[in-house]
>>> print(open('query11.txt').read())   # compact mmCIF, C-alpha atoms
# COMPACT_ATOMS: atom_id res chain seq x y z
CA MET A 1 27.37 37.31 -25.76
CA THR A 2 24.35 35.31 -26.93
CA SER A 3 24.65 34.12 -30.51
CA VAL A 4 21.82 34.97 -32.90
CA PRO A 5 20.45 32.05 -34.96
CA THR A 6 21.15 32.35 -38.68
CA PRO A 7 17.88 33.19 -40.46
CA ILE A 8 16.61 30.65 -42.98
CA PRO A 9 16.86 31.99 -46.57
CA SER A 10 13.48 32.94 -48.04
CA ARG A 11 13.43 30.22 -50.71
CA THR A 12 14.28 27.56 -48.17
CA GLN A 13 11.60 28.93 -45.85
CA TYR A 14 9.03 28.82 -48.65
CA VAL A 15 9.89 25.22 -49.53
CA LEU A 16 9.93 24.28 -45.84
CA GLU A 17 6.47 25.70 -45.16
CA GLU A 18 4.99 24.20 -48.33
CA ILE A 19 6.31 20.69 -47.64
CA LYS A 20 5.13 20.96 -44.03
CA ARG A 21 1.67 22.09 -45.19
CA ARG A 22 1.40 19.16 -47.59
CA ILE A 23 2.43 16.69 -44.89
CA LEU A 24 0.06 18.07 -42.26
CA THR A 25 -2.90 18.16 -44.67
CA GLY A 26 -2.30 14.63 -45.96
CA GLN A 27 -1.15 15.53 -49.47
CA LEU A 28 2.14 13.86 -48.60
CA THR A 29 1.43 10.69 -46.68
CA PRO A 30 3.49 8.82 -44.03
CA GLY A 31 6.15 6.69 -45.68
CA GLN A 32 6.05 8.63 -48.96
CA ALA A 33 9.44 9.32 -50.54
CA LEU A 34 10.53 12.94 -50.86
CA VAL A 35 12.83 13.24 -53.87
CA GLU A 36 14.90 16.41 -54.01
CA THR A 37 14.86 16.74 -57.81
CA GLU A 38 11.08 16.27 -58.00
CA LEU A 39 10.38 18.77 -55.23
CA ALA A 40 12.81 21.29 -56.73
CA ALA A 41 10.98 21.05 -60.06
CA GLN A 42 7.58 21.46 -58.39
CA PHE A 43 8.66 24.56 -56.48
CA GLY A 44 10.79 26.06 -59.26
CA VAL A 45 13.96 26.18 -57.16
CA SER A 46 17.33 24.48 -57.11
CA LYS A 47 17.96 21.39 -55.01
CA THR A 48 19.78 23.39 -52.33
CA PRO A 49 16.69 25.02 -50.70
CA VAL A 50 14.91 21.66 -50.85
CA ARG A 51 17.83 19.87 -49.20
CA GLU A 52 18.04 22.47 -46.43
CA ALA A 53 14.27 22.38 -45.87
CA LEU A 54 14.30 18.60 -45.57
CA LYS A 55 17.13 18.76 -43.03
CA THR A 56 15.08 21.18 -40.93
CA LEU A 57 11.99 18.97 -41.19
CA ALA A 58 14.06 15.97 -40.12
CA GLY A 59 15.08 17.96 -37.05
CA THR A 60 11.45 18.59 -36.13
CA GLY A 61 10.53 14.93 -36.64
CA LEU A 62 8.28 15.27 -39.69
CA VAL A 63 10.57 13.43 -42.09
CA VAL A 64 13.16 10.69 -41.74
CA MET A 65 16.50 10.59 -43.52
CA SER A 66 17.94 7.16 -44.29
CA GLN A 67 21.15 6.22 -46.05
CA TYR A 68 19.29 3.50 -47.92
CA LYS A 69 15.73 4.82 -48.36
CA GLY A 70 16.50 8.49 -48.76
CA VAL A 71 14.04 10.98 -47.26
CA THR A 72 10.50 9.90 -46.40
CA VAL A 73 7.56 11.34 -44.51
CA ARG A 74 7.67 9.96 -40.99
CA MET A 75 5.45 6.96 -40.35
CA VAL A 76 2.87 7.31 -37.60
CA ASP A 77 2.19 4.40 -35.28
CA ALA A 78 1.06 3.82 -31.72
CA ASP A 79 4.59 4.12 -30.33
CA MET A 80 5.14 7.51 -31.96
CA ALA A 81 1.71 8.74 -30.85
CA ARG A 82 2.40 7.64 -27.27
CA GLU A 83 5.79 9.34 -27.15
CA VAL A 84 4.55 12.66 -28.52
CA TYR A 85 1.33 12.78 -26.54
CA ASP A 86 3.08 11.69 -23.34
CA VAL A 87 5.23 14.83 -23.58
CA ARG A 88 2.14 16.93 -24.20
CA LEU A 89 0.32 15.39 -21.25
CA LEU A 90 3.23 16.12 -18.96
CA LEU A 91 3.85 19.70 -20.05
CA GLU A 92 0.86 21.30 -21.75
CA PRO A 93 -1.68 21.28 -18.88
CA GLU A 94 0.97 22.69 -16.52
CA ALA A 95 1.79 25.45 -19.01
CA LEU A 96 -1.89 26.37 -19.32
CA LYS A 97 -2.30 26.36 -15.54
CA ARG A 98 0.58 28.81 -15.22
CA ALA A 99 -0.78 31.03 -17.99
CA VAL A 100 -4.17 31.27 -16.27
CA ARG A 101 -2.68 31.91 -12.84
CA ARG A 102 -0.58 34.78 -14.13
CA GLY A 103 -3.60 36.34 -15.82
CA ALA A 104 -2.14 36.08 -19.30
CA SER A 105 -4.22 37.22 -22.28
CA LEU A 106 -5.90 34.36 -24.14
CA ASP A 107 -7.17 36.49 -27.01
CA ALA A 108 -5.03 34.53 -29.47
CA ALA A 109 -6.68 31.29 -28.34
CA GLN A 110 -10.14 32.81 -28.83
CA ASN A 111 -9.17 34.01 -32.31
CA ALA A 112 -7.82 30.57 -33.24
CA LEU A 113 -11.02 28.95 -32.01
CA THR A 114 -13.06 31.30 -34.20
CA ARG A 115 -10.88 30.52 -37.23
CA ALA A 116 -11.32 26.79 -36.62
CA ASP A 117 -15.12 27.19 -36.46
CA GLU A 118 -15.10 29.16 -39.71
CA ALA A 119 -12.62 26.90 -41.53
CA THR A 120 -13.75 25.53 -44.87
CA ASP A 121 -11.24 22.72 -45.26
CA THR A 122 -9.01 20.36 -43.30
CA ALA A 123 -5.89 22.45 -43.83
CA GLU A 124 -7.44 25.55 -42.27
CA ARG A 125 -8.84 23.58 -39.32
CA SER A 126 -5.52 21.86 -38.70
CA LEU A 127 -3.61 25.15 -38.65
CA ALA A 128 -6.19 26.81 -36.41
CA ASN A 129 -6.13 23.83 -34.05
CA ARG A 130 -2.33 24.06 -33.76
CA GLU A 131 -2.54 27.78 -33.04
CA PHE A 132 -5.24 27.27 -30.40
CA HIS A 133 -3.09 24.90 -28.38
CA ARG A 134 0.00 27.08 -28.80
CA ALA A 135 -1.92 30.15 -27.64
CA LEU A 136 -2.79 28.30 -24.44
CA TYR A 137 0.73 27.28 -23.47
CA LEU A 138 2.91 30.04 -24.90
CA PRO A 139 2.01 32.75 -22.29
CA CYS A 140 2.96 30.44 -19.39
CA GLY A 141 5.78 32.75 -18.34
CA ASN A 142 8.52 30.17 -18.96
CA PRO A 143 10.01 30.53 -22.47
CA LEU A 144 11.87 27.22 -22.18
CA LEU A 145 8.63 25.37 -21.45
CA GLY A 146 7.06 27.00 -24.49
CA ARG A 147 9.99 26.02 -26.72
CA MET A 148 9.85 22.42 -25.47
CA LEU A 149 6.20 22.19 -26.48
CA ASP A 150 6.95 23.88 -29.80
CA GLU A 151 9.45 21.12 -30.52
CA VAL A 152 6.76 18.42 -30.51
CA ARG A 153 4.08 20.57 -32.15
CA ASP A 154 4.72 19.38 -35.72
CA GLN A 155 4.85 15.74 -34.69
CA ALA A 156 1.59 16.12 -32.76
CA ALA A 157 0.01 17.68 -35.84
CA LEU A 158 1.20 14.75 -37.98
CA VAL A 159 -0.39 12.29 -35.55
CA SER A 160 -3.61 14.33 -35.66
CA ALA A 161 -3.61 14.48 -39.48
CA VAL A 162 -3.36 10.69 -39.73
CA ALA A 163 -6.05 10.18 -37.10
CA TRP A 164 -8.44 12.70 -38.65
CA ALA A 165 -8.03 11.12 -42.08
CA ALA A 166 -9.17 7.79 -40.62
CA SER A 167 -11.89 9.13 -38.31
CA PRO A 168 -12.77 12.85 -38.38
CA SER A 169 -13.62 14.13 -34.89
CA TRP A 170 -13.63 17.89 -35.42
CA GLU A 171 -16.96 18.60 -33.75
CA ARG A 172 -16.13 16.76 -30.55
CA GLU A 173 -12.73 18.40 -30.28
CA ALA A 174 -14.15 21.85 -31.03
CA GLY A 175 -16.55 21.42 -28.12
CA GLU A 176 -13.70 20.37 -25.84
CA HIS A 177 -11.68 23.39 -26.95
CA ARG A 178 -14.55 25.72 -26.08
CA GLU A 179 -14.84 24.21 -22.60
CA ILE A 180 -11.09 24.48 -21.97
CA LEU A 181 -11.11 28.12 -22.98
CA ARG A 182 -14.25 28.86 -20.93
CA LEU A 183 -12.59 27.52 -17.79
CA ALA A 184 -9.37 29.37 -18.52
CA LEU A 185 -11.15 32.68 -19.09
CA ALA A 186 -13.07 32.14 -15.85
CA GLY A 187 -9.76 31.95 -14.03
CA ASP A 188 -10.16 28.26 -13.13
CA ALA A 189 -6.54 27.20 -13.65
CA ASP A 190 -6.92 23.69 -12.25
CA GLY A 191 -10.19 23.06 -14.10
CA ALA A 192 -8.78 24.26 -17.40
CA ALA A 193 -5.65 22.15 -16.97
CA SER A 194 -7.74 19.09 -16.10
CA ALA A 195 -9.99 19.59 -19.13
CA LEU A 196 -6.95 20.01 -21.38
CA HIS A 197 -5.38 16.84 -19.98
CA ALA A 198 -8.58 14.91 -20.65
CA HIS A 199 -8.81 16.35 -24.15
CA ILE A 200 -5.27 15.33 -25.11
CA ALA A 201 -5.47 11.87 -23.52
CA SER A 202 -8.86 11.00 -25.01
CA PHE A 203 -7.72 11.94 -28.51
CA VAL A 204 -4.77 9.59 -28.62
CA GLU A 205 -6.85 6.88 -26.92
CA ARG A 206 -9.50 7.13 -29.65
CA ALA A 207 -7.03 7.37 -32.51
CA PHE A 208 -4.54 4.76 -31.27
CA PRO A 209 -6.27 2.52 -28.70
CA GLU A 210 -3.13 0.44 -28.24
CA ALA A 211 -1.26 3.58 -27.14
CA GLY A 212 -3.97 5.29 -25.15
CA SER A 213 -3.63 3.44 -21.87
CA GLU A 214 0.10 4.17 -21.70
CA ALA A 215 -0.32 7.82 -22.71
CA GLN A 216 -2.55 8.68 -19.76
CA GLY A 217 -1.17 10.57 -16.84
CA GLU A 218 -0.82 9.38 -13.30
CA ASP A 219 -4.26 10.67 -12.34
CA GLY A 220 -5.80 8.21 -14.82
CA GLN A 221 -7.80 10.77 -16.78
CA ALA A 222 -8.81 9.87 -20.31
>>> encode(input="query11.txt", output="structure tokens")
Amino acid sequence: MTSVPTPIPSRTQYVLEEIKRRILTGQLTPGQALVETELAAQFGVSKTPVREALKTLAGTGLVVMSQYKGVTVRMVDADMAREVYDVRLLLEPEALKRAVRRGASLDAAQNALTRADEATDTAERSLANREFHRALYLPCGNPLLGRMLDEVRDQAALVSAVAWAASPSWEREAGEHREILRLALAGDADGAASALHAHIASFVERAFPEAGSEAQGEDGQA
């Protein structure tokens, strides 16, 4: 009999989502210490929900727990960007290709694209961008593939947040998103996958030039 995961208590979930939002919008910066007592006071909860939330965030790669330094927001460097984006380059275009070939609905991707265009701040754009990419790979027909990409989603968003803070590139990426979706909706699975591969590779190459060459796929797209 398949075991059912224990649901996260509501207070822990609230703290988890709020810390994640602050990290992904730059309010909490890479390397910044996350002190349980301070966070508990800010959120009006005991230390227990904070501790559990931080453990979950450590599991997704957004924070780092150290015996000596305590808990800190994960640092972003070229090595991290390469690792995360290499996984995306290997899996995400293939997932999109499968979604298109099986005629999956991409309405959620269109809605996310609209929300990104209408966003009024970085936080809204970041969340809409995450949902756009997820809406492309999730209907691939292979739940395991979707979960694997979900596992690196937060880390990819952290890389993006750091890169956007240094050099905003929303307009360029929005145009690339529209082209990816256009090809997908036209039923061009290979074209959409190729455009997505180029989009992912070119982002990390622009943001972390020292990682870009190693993050490209075998076909050499950028």
>>> atom_distance(input="query11.txt", atom1="CA of Leu113 in chain A", atom2="CA of Asp86 in chain A")
23.9 Å
>>> atom_distance(input="query11.txt", atom1="CA of Gly187 in chain A", atom2="CA of Arg206 in chain A")
29.3 Å
>>> atom_distance(input="query11.txt", atom1="CA of His197 in chain A", atom2="CA of Ser126 in chain A")
19.4 Å
>>> axis_aligned_box(input="query11.txt", around="range 185-190 of chain A", padding_each_side="3 Å", output="JSON")
{"center_x": -9.8, "center_y": 28.2, "center_z": -15.7, "size_x": 12.5, "size_y": 15.0, "size_z": 12.8}
>>> residues_around(input="query11.txt", residues="Ala186 in chain A", least_positions_apart="6", cutoff="12 Å", atoms="only C-alpha atoms", output="mmCIF file with C-alpha atoms, keeping the file's coordinate frame")
data_model
loop_
_atom_site.group_PDB
_atom_site.id
_atom_site.type_symbol
_atom_site.label_atom_id
_atom_site.label_comp_id
_atom_site.auth_asym_id
_atom_site.auth_seq_id
_atom_site.Cartn_x
_atom_site.Cartn_y
_atom_site.Cartn_z
ATOM 1 C CA VAL A 100 -4.170 31.270 -16.270
ATOM 2 C CA ARG A 101 -2.680 31.910 -12.840
ATOM 3 C CA GLY A 103 -3.600 36.340 -15.820
ATOM 4 C CA LEU A 106 -5.900 34.360 -24.140
ATOM 5 C CA GLU A 179 -14.840 24.210 -22.600
ATOM 6 C CA ILE A 180 -11.090 24.480 -21.970
ATOM 7 C CA ALA A 192 -8.780 24.260 -17.400
#
>>> closest_residue(input="query11.txt", among="A:Leu138, A:Trp170, A:Met80, A:Lys55", to="Asp121 in chain A", atoms="only C-alpha atoms")
A:Trp170
>>> residues_near_point(input="query11.txt", point="(14.1, 10.3, -43.4)", cutoff="12 Å", atoms="all atoms listed in the file", output="PyMOL selection string")
chain A and resi 30-35+51+54-75
>>> build_atoms(input="query11.txt", residues="range 130-161 of chain A", atoms="N, CA and C atoms", output="PDB file, keeping the file's coordinate frame")
ATOM      1  N   ARG A 130      -3.704  23.932 -34.252  1.00  0.00           N
ATOM      2  CA  ARG A 130      -2.330  24.060 -33.760  1.00  0.00           C
ATOM      3  C   ARG A 130      -2.152  25.395 -33.032  1.00  0.00           C
ATOM      4  N   GLU A 131      -2.697  26.452 -33.639  1.00  0.00           N
ATOM      5  CA  GLU A 131      -2.540  27.780 -33.040  1.00  0.00           C
ATOM      6  C   GLU A 131      -3.316  27.905 -31.740  1.00  0.00           C
ATOM      7  N   PHE A 132      -4.461  27.225 -31.643  1.00  0.00           N
ATOM      8  CA  PHE A 132      -5.240  27.270 -30.400  1.00  0.00           C
ATOM      9  C   PHE A 132      -4.424  26.701 -29.250  1.00  0.00           C
ATOM     10  N   HIS A 133      -3.866  25.524 -29.456  1.00  0.00           N
ATOM     11  CA  HIS A 133      -3.090  24.900 -28.380  1.00  0.00           C
ATOM     12  C   HIS A 133      -1.856  25.730 -28.042  1.00  0.00           C
ATOM     13  N   ARG A 134      -1.199  26.276 -29.055  1.00  0.00           N
ATOM     14  CA  ARG A 134       0.000  27.080 -28.800  1.00  0.00           C
ATOM     15  C   ARG A 134      -0.347  28.351 -28.021  1.00  0.00           C
ATOM     16  N   ALA A 135      -1.501  28.928 -28.333  1.00  0.00           N
ATOM     17  CA  ALA A 135      -1.920  30.150 -27.640  1.00  0.00           C
ATOM     18  C   ALA A 135      -2.246  29.893 -26.179  1.00  0.00           C
ATOM     19  N   LEU A 136      -2.522  28.645 -25.831  1.00  0.00           N
ATOM     20  CA  LEU A 136      -2.790  28.300 -24.440  1.00  0.00           C
ATOM     21  C   LEU A 136      -1.506  28.149 -23.631  1.00  0.00           C
ATOM     22  N   TYR A 137      -0.477  27.552 -24.257  1.00  0.00           N
ATOM     23  CA  TYR A 137       0.730  27.280 -23.470  1.00  0.00           C
ATOM     24  C   TYR A 137       1.817  28.343 -23.580  1.00  0.00           C
ATOM     25  N   LEU A 138       1.805  29.110 -24.680  1.00  0.00           N
ATOM     26  CA  LEU A 138       2.910  30.040 -24.900  1.00  0.00           C
ATOM     27  C   LEU A 138       3.017  31.135 -23.818  1.00  0.00           C
ATOM     28  N   PRO A 139       1.879  31.681 -23.297  1.00  0.00           N
ATOM     29  CA  PRO A 139       2.010  32.750 -22.290  1.00  0.00           C
ATOM     30  C   PRO A 139       2.190  32.234 -20.868  1.00  0.00           C
ATOM     31  N   CYS A 140       2.810  31.052 -20.713  1.00  0.00           N
ATOM     32  CA  CYS A 140       2.960  30.440 -19.390  1.00  0.00           C
ATOM     33  C   CYS A 140       3.974  31.158 -18.507  1.00  0.00           C
ATOM     34  N   GLY A 141       4.782  32.032 -19.120  1.00  0.00           N
ATOM     35  CA  GLY A 141       5.780  32.750 -18.340  1.00  0.00           C
ATOM     36  C   GLY A 141       7.138  32.075 -18.292  1.00  0.00           C
ATOM     37  N   ASN A 142       7.251  30.904 -18.911  1.00  0.00           N
ATOM     38  CA  ASN A 142       8.520  30.170 -18.960  1.00  0.00           C
ATOM     39  C   ASN A 142       8.853  29.891 -20.427  1.00  0.00           C
ATOM     40  N   PRO A 143       9.698  30.709 -21.045  1.00  0.00           N
ATOM     41  CA  PRO A 143      10.010  30.530 -22.470  1.00  0.00           C
ATOM     42  C   PRO A 143      10.555  29.148 -22.813  1.00  0.00           C
ATOM     43  N   LEU A 144      11.321  28.547 -21.906  1.00  0.00           N
ATOM     44  CA  LEU A 144      11.870  27.220 -22.180  1.00  0.00           C
ATOM     45  C   LEU A 144      10.755  26.191 -22.283  1.00  0.00           C
ATOM     46  N   LEU A 145       9.766  26.287 -21.401  1.00  0.00           N
ATOM     47  CA  LEU A 145       8.630  25.370 -21.450  1.00  0.00           C
ATOM     48  C   LEU A 145       7.887  25.526 -22.772  1.00  0.00           C
ATOM     49  N   GLY A 146       7.716  26.758 -23.217  1.00  0.00           N
ATOM     50  CA  GLY A 146       7.060  27.000 -24.490  1.00  0.00           C
ATOM     51  C   GLY A 146       7.837  26.409 -25.649  1.00  0.00           C
ATOM     52  N   ARG A 147       9.157  26.564 -25.632  1.00  0.00           N
ATOM     53  CA  ARG A 147       9.990  26.020 -26.720  1.00  0.00           C
ATOM     54  C   ARG A 147       9.951  24.494 -26.722  1.00  0.00           C
ATOM     55  N   MET A 148       9.917  23.887 -25.545  1.00  0.00           N
ATOM     56  CA  MET A 148       9.850  22.420 -25.470  1.00  0.00           C
ATOM     57  C   MET A 148       8.575  21.902 -26.115  1.00  0.00           C
ATOM     58  N   LEU A 149       7.476  22.602 -25.880  1.00  0.00           N
ATOM     59  CA  LEU A 149       6.200  22.190 -26.480  1.00  0.00           C
ATOM     60  C   LEU A 149       6.189  22.486 -27.977  1.00  0.00           C
ATOM     61  N   ASP A 150       6.843  23.574 -28.375  1.00  0.00           N
ATOM     62  CA  ASP A 150       6.950  23.880 -29.800  1.00  0.00           C
ATOM     63  C   ASP A 150       7.683  22.761 -30.542  1.00  0.00           C
ATOM     64  N   GLU A 151       8.645  22.146 -29.881  1.00  0.00           N
ATOM     65  CA  GLU A 151       9.450  21.120 -30.520  1.00  0.00           C
ATOM     66  C   GLU A 151       8.638  19.876 -30.900  1.00  0.00           C
ATOM     67  N   VAL A 152       7.575  19.599 -30.180  1.00  0.00           N
ATOM     68  CA  VAL A 152       6.760  18.420 -30.510  1.00  0.00           C
ATOM     69  C   VAL A 152       5.491  18.806 -31.260  1.00  0.00           C
ATOM     70  N   ARG A 153       5.324  20.099 -31.540  1.00  0.00           N
ATOM     71  CA  ARG A 153       4.080  20.570 -32.150  1.00  0.00           C
ATOM     72  C   ARG A 153       3.846  19.971 -33.535  1.00  0.00           C
ATOM     73  N   ASP A 154       4.884  19.933 -34.374  1.00  0.00           N
ATOM     74  CA  ASP A 154       4.720  19.380 -35.720  1.00  0.00           C
ATOM     75  C   ASP A 154       4.419  17.892 -35.677  1.00  0.00           C
ATOM     76  N   GLN A 155       5.097  17.175 -34.790  1.00  0.00           N
ATOM     77  CA  GLN A 155       4.850  15.740 -34.690  1.00  0.00           C
ATOM     78  C   GLN A 155       3.428  15.461 -34.194  1.00  0.00           C
ATOM     79  N   ALA A 156       2.964  16.274 -33.251  1.00  0.00           N
ATOM     80  CA  ALA A 156       1.590  16.120 -32.760  1.00  0.00           C
ATOM     81  C   ALA A 156       0.604  16.370 -33.886  1.00  0.00           C
ATOM     82  N   ALA A 157       0.889  17.371 -34.720  1.00  0.00           N
ATOM     83  CA  ALA A 157       0.010  17.680 -35.840  1.00  0.00           C
ATOM     84  C   ALA A 157      -0.010  16.550 -36.861  1.00  0.00           C
ATOM     85  N   LEU A 158       1.139  15.885 -37.056  1.00  0.00           N
ATOM     86  CA  LEU A 158       1.200  14.750 -37.980  1.00  0.00           C
ATOM     87  C   LEU A 158       0.350  13.599 -37.452  1.00  0.00           C
ATOM     88  N   VAL A 159       0.444  13.329 -36.160  1.00  0.00           N
ATOM     89  CA  VAL A 159      -0.390  12.290 -35.550  1.00  0.00           C
ATOM     90  C   VAL A 159      -1.867  12.634 -35.756  1.00  0.00           C
ATOM     91  N   SER A 160      -2.217  13.885 -35.510  1.00  0.00           N
ATOM     92  CA  SER A 160      -3.610  14.330 -35.660  1.00  0.00           C
ATOM     93  C   SER A 160      -4.084  14.180 -37.099  1.00  0.00           C
ATOM     94  N   ALA A 161      -3.229  14.555 -38.067  1.00  0.00           N
ATOM     95  CA  ALA A 161      -3.610  14.480 -39.480  1.00  0.00           C
ATOM     96  C   ALA A 161      -3.941  13.050 -39.878  1.00  0.00           C
TER      97      ALA A 161
END
